[in-house]
Structures are given as C-alpha cells and as structure tokens.
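Data from data.txt: compact mmCIF, C-alpha atoms
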```
# COMPACT_ATOMS: atom_id res chain seq x y z
CA MET A 1481 80.88 98.92 121.24
CA LEU A 1482 82.99 99.56 118.15
CA CYS A 1483 83.21 96.77 115.61
CA LYS A 1484 86.46 94.81 115.50
CA ARG A 1485 88.48 94.69 112.30
CA ILE A 1486 89.77 91.80 110.19
CA ILE A 1487 92.87 92.93 108.29
CA PRO A 1488 94.68 90.76 105.72
CA CYS A 1489 98.38 91.54 105.55
CA LEU A 1490 100.22 91.50 102.24
CA ASP A 1491 104.01 91.42 102.54
CA VAL A 1492 105.44 92.56 99.20
CA LYS A 1493 108.86 91.71 97.80
CA ASP A 1494 109.92 92.28 94.19
CA GLY A 1495 106.35 93.23 93.26
CA LEU A 1496 104.72 90.05 94.58
CA VAL A 1497 103.05 89.11 97.86
CA VAL A 1498 105.23 86.72 99.85
CA LYS A 1499 104.98 84.91 103.17
CA GLY A 1500 107.50 83.41 105.54
CA THR A 1501 107.89 82.11 109.08
CA ARG A 1502 109.43 84.32 111.78
CA PHE A 1503 110.47 86.71 108.98
CA LYS A 1504 112.44 83.91 107.22
CA GLU A 1505 111.85 81.19 104.57
CA ILE A 1506 110.11 83.68 102.27
CA LYS A 1507 107.88 82.19 99.53
CA GLN A 1508 106.03 83.95 96.72
CA VAL A 1509 102.21 83.92 96.88
CA GLU A 1510 100.39 86.19 94.41
CA ASP A 1511 100.00 89.56 92.72
CA PRO A 1512 99.18 92.23 95.36
CA VAL A 1513 96.41 93.95 93.38
CA PHE A 1514 94.69 90.63 92.69
CA LEU A 1515 94.72 89.72 96.38
CA ALA A 1516 93.62 93.22 97.40
CA GLU A 1517 90.53 92.96 95.20
CA LYS A 1518 89.81 89.45 96.43
CA TYR A 1519 89.94 90.37 100.12
CA ALA A 1520 87.93 93.55 99.64
CA LYS A 1521 85.16 91.53 97.98
CA GLN A 1522 85.27 88.94 100.77
CA GLY A 1523 84.59 91.59 103.42
CA ALA A 1524 88.00 92.56 104.80
CA ASP A 1525 87.71 95.75 106.85
CA GLU A 1526 91.14 97.05 105.89
CA LEU A 1527 94.33 95.89 104.20
CA VAL A 1528 97.98 96.30 105.13
CA PHE A 1529 100.85 96.27 102.65
CA TYR A 1530 104.42 95.98 103.87
CA ASP A 1531 107.41 96.38 101.57
CA ILE A 1532 109.42 93.94 103.64
CA THR A 1533 112.87 94.66 102.20
CA ALA A 1534 112.72 98.41 101.47
CA THR A 1535 114.40 99.43 104.73
CA HIS A 1536 116.98 96.64 104.64
CA GLU A 1537 117.81 97.43 100.99
CA ASN A 1538 117.74 101.19 101.67
CA ARG A 1539 115.41 101.98 98.77
CA GLY A 1540 112.15 103.80 98.18
CA ILE A 1541 108.55 102.61 98.38
CA PHE A 1542 106.42 100.92 95.69
CA LEU A 1543 104.23 103.85 94.62
CA ASP A 1544 103.07 102.12 91.44
CA ILE A 1545 101.52 99.27 93.45
CA ILE A 1546 99.87 101.75 95.84
CA ARG A 1547 98.23 103.57 92.93
CA ASP A 1548 96.98 100.31 91.39
CA VAL A 1549 95.54 99.11 94.71
CA ALA A 1550 93.83 102.44 95.35
CA LYS A 1551 92.06 102.15 91.98
CA ALA A 1552 91.00 98.55 92.61
CA ILE A 1553 89.46 98.65 96.11
CA ASN A 1554 87.13 100.79 98.21
CA ILE A 1555 88.30 99.90 101.72
CA PRO A 1556 91.06 101.61 103.73
CA PHE A 1557 94.61 100.37 103.37
CA MET A 1558 97.91 101.06 105.07
CA ILE A 1559 101.43 101.08 103.65
CA GLY A 1560 104.65 100.35 105.51
CA GLY A 1561 108.28 99.76 104.61
CA GLY A 1562 110.79 102.28 103.33
CA ILE A 1563 109.15 105.25 105.08
CA ARG A 1564 111.93 107.50 106.34
CA LYS A 1565 110.81 111.13 106.07
CA ILE A 1566 107.79 113.41 105.79
CA GLU A 1567 108.12 113.42 102.00
CA ASP A 1568 107.53 109.66 102.02
CA PHE A 1569 104.25 110.20 103.90
CA THR A 1570 103.25 112.79 101.31
CA ALA A 1571 104.05 110.43 98.43
CA VAL A 1572 102.26 107.41 99.89
CA LEU A 1573 99.14 109.28 100.96
CA GLY A 1574 99.10 111.10 97.64
CA ALA A 1575 99.21 107.77 95.80
CA GLY A 1576 96.04 106.66 97.57
CA ALA A 1577 96.95 105.05 100.90
CA ASP A 1578 94.86 105.92 103.97
CA LYS A 1579 97.46 105.27 106.65
CA VAL A 1580 101.24 105.08 106.84
CA SER A 1581 103.12 102.67 109.05
CA ILE A 1582 106.56 103.47 110.41
CA ASN A 1583 108.83 101.07 112.24
CA SER A 1584 112.62 101.24 111.90
CA ALA A 1585 112.51 104.92 110.92
CA ALA A 1586 110.53 105.79 114.06
CA VAL A 1587 113.13 104.09 116.24
CA ALA A 1588 115.92 105.99 114.49
CA ASP A 1589 114.04 109.31 114.59
CA PRO A 1590 111.14 109.29 117.10
CA ASP A 1591 110.27 112.90 116.28
CA LEU A 1592 109.18 111.69 112.83
CA ILE A 1593 106.02 110.42 114.54
CA GLN A 1594 105.25 113.87 115.89
CA ARG A 1595 106.08 115.70 112.67
CA ALA A 1596 103.86 113.37 110.64
CA ALA A 1597 100.98 113.56 113.13
CA LEU A 1598 101.09 117.35 113.12
CA LYS A 1599 101.07 117.53 109.32
CA PHE A 1600 98.68 114.70 108.39
CA GLY A 1601 96.78 113.93 111.61
CA SER A 1602 97.31 111.10 114.07
CA GLN A 1603 94.75 108.95 112.24
CA CYS A 1604 97.25 108.60 109.36
CA VAL A 1605 100.24 107.67 111.53
CA VAL A 1606 100.63 104.05 112.63
CA LEU A 1607 103.47 102.87 114.84
CA SER A 1608 104.36 99.36 113.77
CA MET A 1609 106.38 97.46 116.38
CA ASP A 1610 108.28 94.24 115.67
CA VAL A 1611 108.54 92.67 119.11
CA LYS A 1612 110.47 89.67 120.42
CA ARG A 1613 110.46 88.07 123.84
CA MET A 1614 113.76 88.70 125.60
CA ASP A 1615 114.87 88.96 129.23
CA GLU A 1616 111.41 88.22 130.69
CA GLY A 1617 109.84 90.92 128.53
CA TRP A 1618 109.59 92.15 124.95
CA LYS A 1619 112.15 94.14 123.01
CA ILE A 1620 111.82 96.11 119.78
CA VAL A 1621 113.69 94.71 116.78
CA THR A 1622 114.06 96.51 113.46
CA HIS A 1623 115.19 95.99 109.87
CA GLY A 1624 112.92 92.99 109.30
CA GLY A 1625 113.86 91.40 112.61
CA ARG A 1626 117.58 91.67 111.93
CA LYS A 1627 118.51 94.22 114.62
CA ASN A 1628 117.76 94.16 118.35
CA THR A 1629 117.39 97.73 119.60
CA GLY A 1630 117.19 96.82 123.30
CA ILE A 1631 114.12 99.09 123.64
CA ASN A 1632 111.34 97.86 125.92
CA ALA A 1633 108.23 97.32 123.78
CA LEU A 1634 105.72 98.60 126.34
CA ASP A 1635 107.72 101.77 126.96
CA TRP A 1636 108.05 102.34 123.21
CA ALA A 1637 104.30 101.96 122.64
CA ILE A 1638 103.54 104.54 125.33
CA ARG A 1639 106.10 106.98 123.94
CA GLY A 1640 104.85 106.50 120.39
CA VAL A 1641 101.32 107.46 121.40
CA GLU A 1642 102.60 110.46 123.34
CA LEU A 1643 104.36 111.61 120.18
CA GLY A 1644 101.16 111.32 118.15
CA ALA A 1645 100.76 107.81 116.76
CA GLY A 1646 97.05 107.13 116.24
CA GLU A 1647 97.31 103.35 116.11
CA ILE A 1648 99.77 100.60 117.04
CA VAL A 1649 100.48 97.34 115.25
CA ILE A 1650 102.14 94.68 117.40
CA ASN A 1651 104.05 92.25 115.19
CA SER A 1652 105.18 89.24 117.22
CA ILE A 1653 108.27 87.78 115.58
CA ASP A 1654 108.11 84.72 117.86
CA GLU A 1655 104.65 83.86 116.54
CA ASP A 1656 104.94 85.06 112.94
CA GLY A 1657 103.79 82.34 110.54
CA VAL A 1658 103.77 79.69 113.27
CA LYS A 1659 99.94 79.64 113.54
CA GLY A 1660 100.00 78.95 117.28
CA GLY A 1661 98.04 82.05 118.25
CA TYR A 1662 98.77 85.72 118.86
CA ASP A 1663 101.02 86.83 121.71
CA LEU A 1664 98.15 87.69 124.04
CA ASP A 1665 100.29 88.91 126.93
CA ILE A 1666 101.88 91.82 125.08
CA ILE A 1667 98.56 92.68 123.39
CA SER A 1668 96.90 92.93 126.78
CA GLN A 1669 99.70 94.96 128.35
CA ILE A 1670 99.86 97.52 125.56
CA SER A 1671 96.09 97.84 125.14
CA ASN A 1672 95.81 98.59 128.85
CA ALA A 1673 98.60 101.17 128.68
CA VAL A 1674 97.53 103.32 125.73
CA ASN A 1675 94.30 104.86 124.47
CA VAL A 1676 94.64 104.23 120.73
CA PRO A 1677 93.55 101.18 118.68
CA ILE A 1678 95.78 98.12 118.87
CA ILE A 1679 96.25 95.74 115.93
CA ALA A 1680 97.45 92.21 116.71
CA SER A 1681 99.79 90.61 114.21
CA GLY A 1682 101.61 87.27 114.04
CA GLY A 1683 100.32 83.85 114.96
CA ALA A 1684 96.80 83.39 113.55
CA GLY A 1685 96.11 79.76 112.72
CA VAL A 1686 92.47 79.06 113.56
CA LYS A 1687 89.36 81.18 114.04
CA ASN A 1688 89.58 81.03 117.82
CA HIS A 1689 92.94 82.82 117.74
CA PHE A 1690 91.21 85.94 116.41
CA MET A 1691 88.66 85.80 119.20
CA GLU A 1692 91.43 85.48 121.80
CA ALA A 1693 93.19 88.55 120.39
CA PHE A 1694 90.01 90.63 120.56
CA GLU A 1695 89.25 89.44 124.08
CA SER A 1696 92.81 90.47 125.07
CA GLY A 1697 92.24 94.05 123.95
CA ALA A 1698 93.01 94.15 120.23
CA ASP A 1699 90.82 96.35 118.06
CA GLY A 1700 91.94 94.66 114.86
CA ALA A 1701 93.54 91.34 113.97
CA LEU A 1702 95.99 91.08 111.13
CA ALA A 1703 96.79 87.79 109.38
CA ALA A 1704 98.38 86.55 106.18
CA SER A 1705 98.95 82.81 105.63
CA VAL A 1706 95.49 81.64 106.70
CA PHE A 1707 93.92 84.00 104.16
CA HIS A 1708 96.47 83.60 101.36
CA TYR A 1709 96.20 79.79 101.37
CA GLY A 1710 92.44 79.63 101.89
CA GLU A 1711 92.62 78.04 105.33
CA ILE A 1712 90.13 80.55 106.77
CA GLY A 1713 87.57 82.50 104.77
CA ILE A 1714 86.85 86.04 105.86
CA PRO A 1715 83.03 85.70 105.72
CA GLU A 1716 83.03 82.51 107.81
CA LEU A 1717 85.51 84.07 110.26
CA LYS A 1718 83.29 87.09 110.77
CA ASP A 1719 80.22 84.89 111.25
CA TYR A 1720 82.11 82.85 113.84
CA LEU A 1721 83.25 85.93 115.74
CA GLN A 1722 79.83 87.56 115.62
CA SER A 1723 78.26 84.37 116.98
CA ASN A 1724 80.71 84.57 119.88
CA ASP A 1725 79.69 88.12 120.77
CA ILE A 1726 82.59 89.86 119.01
CA PRO A 1727 81.05 92.85 117.16
CA MET A 1728 81.84 92.69 113.45
CA ARG A 1729 80.89 94.53 110.28
CA LEU A 1730 79.04 91.85 108.30
```
Would you mind writing the file's structure down as structure tokens?
Amino acid sequence: MLCKRIIPCLDVKDGLVVKGTRFKEIKQVEDPVFLAEKYAKQGADELVFYDITATHENRGIFLDIIRDVAKAINIPFMIGGGIRKIEDFTAVLGAGADKVSINSAAVADPDLIQRAALKFGSQCVVLSMDVKRMDEGWKIVTHGGRKNTGINALDWAIRGVELGAGEIVINSIDEDGVKGGYDLDIISQISNAVNVPIIASGGAGVKNHFMEAFESGADGALAASVFHYGEIGIPELKDYLQSNDIPMRL
C-alpha cells in the first residue's frame, strides 16, 4: 500500500502566509520560506502554496517566492493561484515548483488541463476544486469562493481526470478553518469515481480528522491552521497515524 501524505498548506497574500475561516477573516501568519523550511524539517511529505488573491486581483504569480522556496527545501511543492495559460505553467515549473494547481482557470478553459498535461505530463497538473454544499450536493465555486459556477463537483472531477489532471485537491469551503473535520462524503464519492490521487483539504482540527480522511479514500491530507499555530506537530501526527495502521513515511 502506498504511503499517505501530510501536506501543509501555505496561503500567501502580499508576500506573507495568511489564514482565514471559510475563505474570510484573513490574518497574517509568517514568512512563506521560513515556514517551508520548518515543515520540511519536521517531515512534511509535500507543501502547497496558494496565491489566494492572484485570480481575484487579475495579476501574475509570485515567482520570486517560488525560487526562494525551491532553494530552501528538498521536498516536492505545488503552486496555485494566478495560473491562466501554458506560459504560467512554464514559468512556475521553471522557477522550481514540482506541480501546478489550476482552479478558476480550468473552469473557464477546461482544455487548459489537456494542453498542460500533454506538454508537461499529468503528474504536474493538479485540478484544485473549491466545493460547497448546495442543493443536496456539491457545487464548484471559483475566485476564492466568490463565484458559484453551478457545476456539479463530482462531474467536474471526472471530467478533469478525463482531460488529463493527475491529481485532485478537494477544498471544502464549508469546513475551511472550522476544524470540525474534512468533508468525508465528497472525498469518498470522488475517490471512488476517479483513478488519480485525491487530496483532502479544509477542516482538520485534531489528529483523528486526518485518519478519517485517509479511511474515506484520500491519498493526502492538506492542513494549515493546526500546523501554523502549533496545535498538531507533524512528527506526532505521523506516529499517531502509523500506530492506527495508516501507512506513513516516517
């Protein structure tokens, strides 16, 4: 069985890592390179960096931060936010990122997934989905949770994989920053519907929440607040999961 992944998430705004609740009430936390080094040393399997206002502000991506992070750590990391075209993939990967996450741009131009997968390989293309419970299901929202697309989340995940996405991140807006646990229902549904790795995001509050996400089909679990504020240590989390028969890289 493949080892599961623990993935700290660093939302970046104005050059600093920030954190909010349900994509609101944003507070500054720390320098992204400092946190990247810290989490890599603690045993994080990967890192994710999101430029959370790039799309909303219609601006480019933070290449200087990507270069600094690439020099500072030796674990894979993914970049998202402000990715709109193939040239953005080229710039981000060239600056040192291992994967590129697309969200709003993929909804606006689904063929971008296919074009990127053909040029860089599916392993570099991650479909990030911001999902919200609506009408007895889940819908895709974009632009930092500001716009409801009306697209069914399960259908979108299946289409994204068909177009070439090599991984899916499920960001639950309902659970983001609330620390009440991941949205296990949508994790289970999507993991059963596609054959690529699924990353759970939004809701981690205690160690057991990670175990629930993995038992529901997630291949990786992404979290922010519990790591940023020292509520859960990565080494102790991995020990806990390993002791509960969740395979981890220790």
Val1605 in chain A surroundings by only C-alpha atoms, 7 Å radius, close-in-sequence under 5 positions cut, as a ChimeraX atom specification
/A:1579-1581,1596-1597,1645-1647
Between CA of Ala1637 in chain A and CA of Gln1603 in chain A, what is the distance, to one decimal in Å?
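According to the coordinates, CA of Ala1637 in chain A and CA of Gln1603 in chain A are separated by 15.8 Å.
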Tell me which of A:Gly1560, A:Pro1715, A:Gly1661, A:Gly1685 sits closest to Val1649 in chain A, counting all atoms listed in the file.
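Closest to Val1649 in chain A, using all atoms listed in the file: A:Gly1560.
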Under the rule of at most 10 Å, produce a per-residue listing of range 1601-1690 of chain A near range 1586-1594 of chain A: chain, number, name, the closest pair of atoms, and the distance in Å, as JSON lines, using only C-alpha atoms.
```
{"residue": "A:Gly1601", "atom": "CA", "partner": "A:Gln1594", "partner_atom": "CA", "distance": 9.5}
{"residue": "A:Ser1602", "atom": "CA", "partner": "A:Gln1594", "partner_atom": "CA", "distance": 8.6}
{"residue": "A:Val1605", "atom": "CA", "partner": "A:Ile1593", "partner_atom": "CA", "distance": 7.1}
{"residue": "A:Val1606", "atom": "CA", "partner": "A:Ile1593", "partner_atom": "CA", "distance": 8.6}
{"residue": "A:Leu1607", "atom": "CA", "partner": "A:Ala1586", "partner_atom": "CA", "distance": 7.7}
{"residue": "A:Ser1608", "atom": "CA", "partner": "A:Ala1586", "partner_atom": "CA", "distance": 8.9}
{"residue": "A:Met1609", "atom": "CA", "partner": "A:Val1587", "partner_atom": "CA", "distance": 9.5}
{"residue": "A:Ile1620", "atom": "CA", "partner": "A:Val1587", "partner_atom": "CA", "distance": 8.8}
{"residue": "A:Val1621", "atom": "CA", "partner": "A:Val1587", "partner_atom": "CA", "distance": 9.4}
{"residue": "A:Thr1622", "atom": "CA", "partner": "A:Val1587", "partner_atom": "CA", "distance": 8.1}
{"residue": "A:Thr1629", "atom": "CA", "partner": "A:Val1587", "partner_atom": "CA", "distance": 8.4}
{"residue": "A:Ile1631", "atom": "CA", "partner": "A:Val1587", "partner_atom": "CA", "distance": 9.0}
{"residue": "A:Trp1636", "atom": "CA", "partner": "A:Val1587", "partner_atom": "CA", "distance": 8.8}
{"residue": "A:Arg1639", "atom": "CA", "partner": "A:Pro1590", "partner_atom": "CA", "distance": 8.8}
{"residue": "A:Gly1640", "atom": "CA", "partner": "A:Ile1593", "partner_atom": "CA", "distance": 7.1}
{"residue": "A:Val1641", "atom": "CA", "partner": "A:Ile1593", "partner_atom": "CA", "distance": 8.8}
{"residue": "A:Glu1642", "atom": "CA", "partner": "A:Gln1594", "partner_atom": "CA", "distance": 8.6}
{"residue": "A:Leu1643", "atom": "CA", "partner": "A:Gln1594", "partner_atom": "CA", "distance": 4.9}
{"residue": "A:Gly1644", "atom": "CA", "partner": "A:Gln1594", "partner_atom": "CA", "distance": 5.3}
{"residue": "A:Ala1645", "atom": "CA", "partner": "A:Ile1593", "partner_atom": "CA", "distance": 6.3}
{"residue": "A:Gly1646", "atom": "CA", "partner": "A:Ile1593", "partner_atom": "CA", "distance": 9.7}
```
Would you mind exporting C-alpha atoms of the selected residues as a JSON list (two decimals), in the frame of the given file?
```
[["chain", "number", "residue", "atom", "x", "y", "z"],
["A", 1601, "GLY", "CA", 96.78, 113.93, 111.61],
["A", 1602, "SER", "CA", 97.31, 111.10, 114.07],
["A", 1605, "VAL", "CA", 100.24, 107.67, 111.53],
["A", 1606, "VAL", "CA", 100.63, 104.05, 112.63],
["A", 1607, "LEU", "CA", 103.47, 102.87, 114.84],
["A", 1608, "SER", "CA", 104.36, 99.36, 113.77],
["A", 1609, "MET", "CA", 106.38, 97.46, 116.38],
["A", 1620, "ILE", "CA", 111.82, 96.11, 119.78],
["A", 1621, "VAL", "CA", 113.69, 94.71, 116.78],
["A", 1622, "THR", "CA", 114.06, 96.51, 113.46],
["A", 1629, "THR", "CA", 117.39, 97.73, 119.60],
["A", 1631, "ILE", "CA", 114.12, 99.09, 123.64],
["A", 1636, "TRP", "CA", 108.05, 102.34, 123.21],
["A", 1639, "ARG", "CA", 106.10, 106.98, 123.94],
["A", 1640, "GLY", "CA", 104.85, 106.50, 120.39],
["A", 1641, "VAL", "CA", 101.32, 107.46, 121.40],
["A", 1642, "GLU", "CA", 102.60, 110.46, 123.34],
["A", 1643, "LEU", "CA", 104.36, 111.61, 120.18],
["A", 1644, "GLY", "CA", 101.16, 111.32, 118.15],
["A", 1645, "ALA", "CA", 100.76, 107.81, 116.76],
["A", 1646, "GLY", "CA", 97.05, 107.13, 116.24]]
```
If you count only C-alpha atoms, which residues fall within 10 Å of range 1690-1694 of chain A, apart from same-chain ones fewer than 4 positions away, as a ChimeraX atom specification?
/A:1484-1486,1661-1665,1667-1668,1678-1681,1683-1686,1698-1703,1717-1718,1720-1722,1724-1727
Glu1567 in chain A proximity check over A:Ile1541, A:Val1611, A:Ile1555, A:Ala1673, using only C-alpha atoms: winner is A:Ile1541
How far is it from CA of Pro1512 in chain A to CA of Ile1532 in chain A, in Å with one decimal?
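According to the coordinates, CA of Pro1512 in chain A and CA of Ile1532 in chain A are separated by 13.3 Å.
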What is the distance, in Å and to one decimal place, between CA of Met1614 in chain A and CA of Asn1651 in chain A?
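Rounded to one decimal, the two atoms are 14.7 Å apart.
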Let me make sure I understand: among A:Ile1714, A:Phe1600, A:Glu1655, A:Gly1523, which one has the smallest atom-to-atom distance to Ile1566 in chain A if we use all atoms listed in the file?
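Among the listed residues, the smallest separation from Ile1566 in chain A belongs to A:Phe1600.
For the set A:Asn1688, A:Ser1723, A:Ser1696, A:Gln1669, the residue with the smallest atom-to-atom gap to Ala1633 in chain A is A:Gln1669, counting all atoms listed in the file.
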Residues within 8 Å of (100.4, 84.6, 104.9), counting all atoms listed in the file, listed as a list in words:
Cys1489, Leu1490, Val1498, Lys1499, Gly1500, Gly1657, Ala1703, Ala1704, Ser1705, Val1706, Phe1707, His1708 and Tyr1709 of chain A
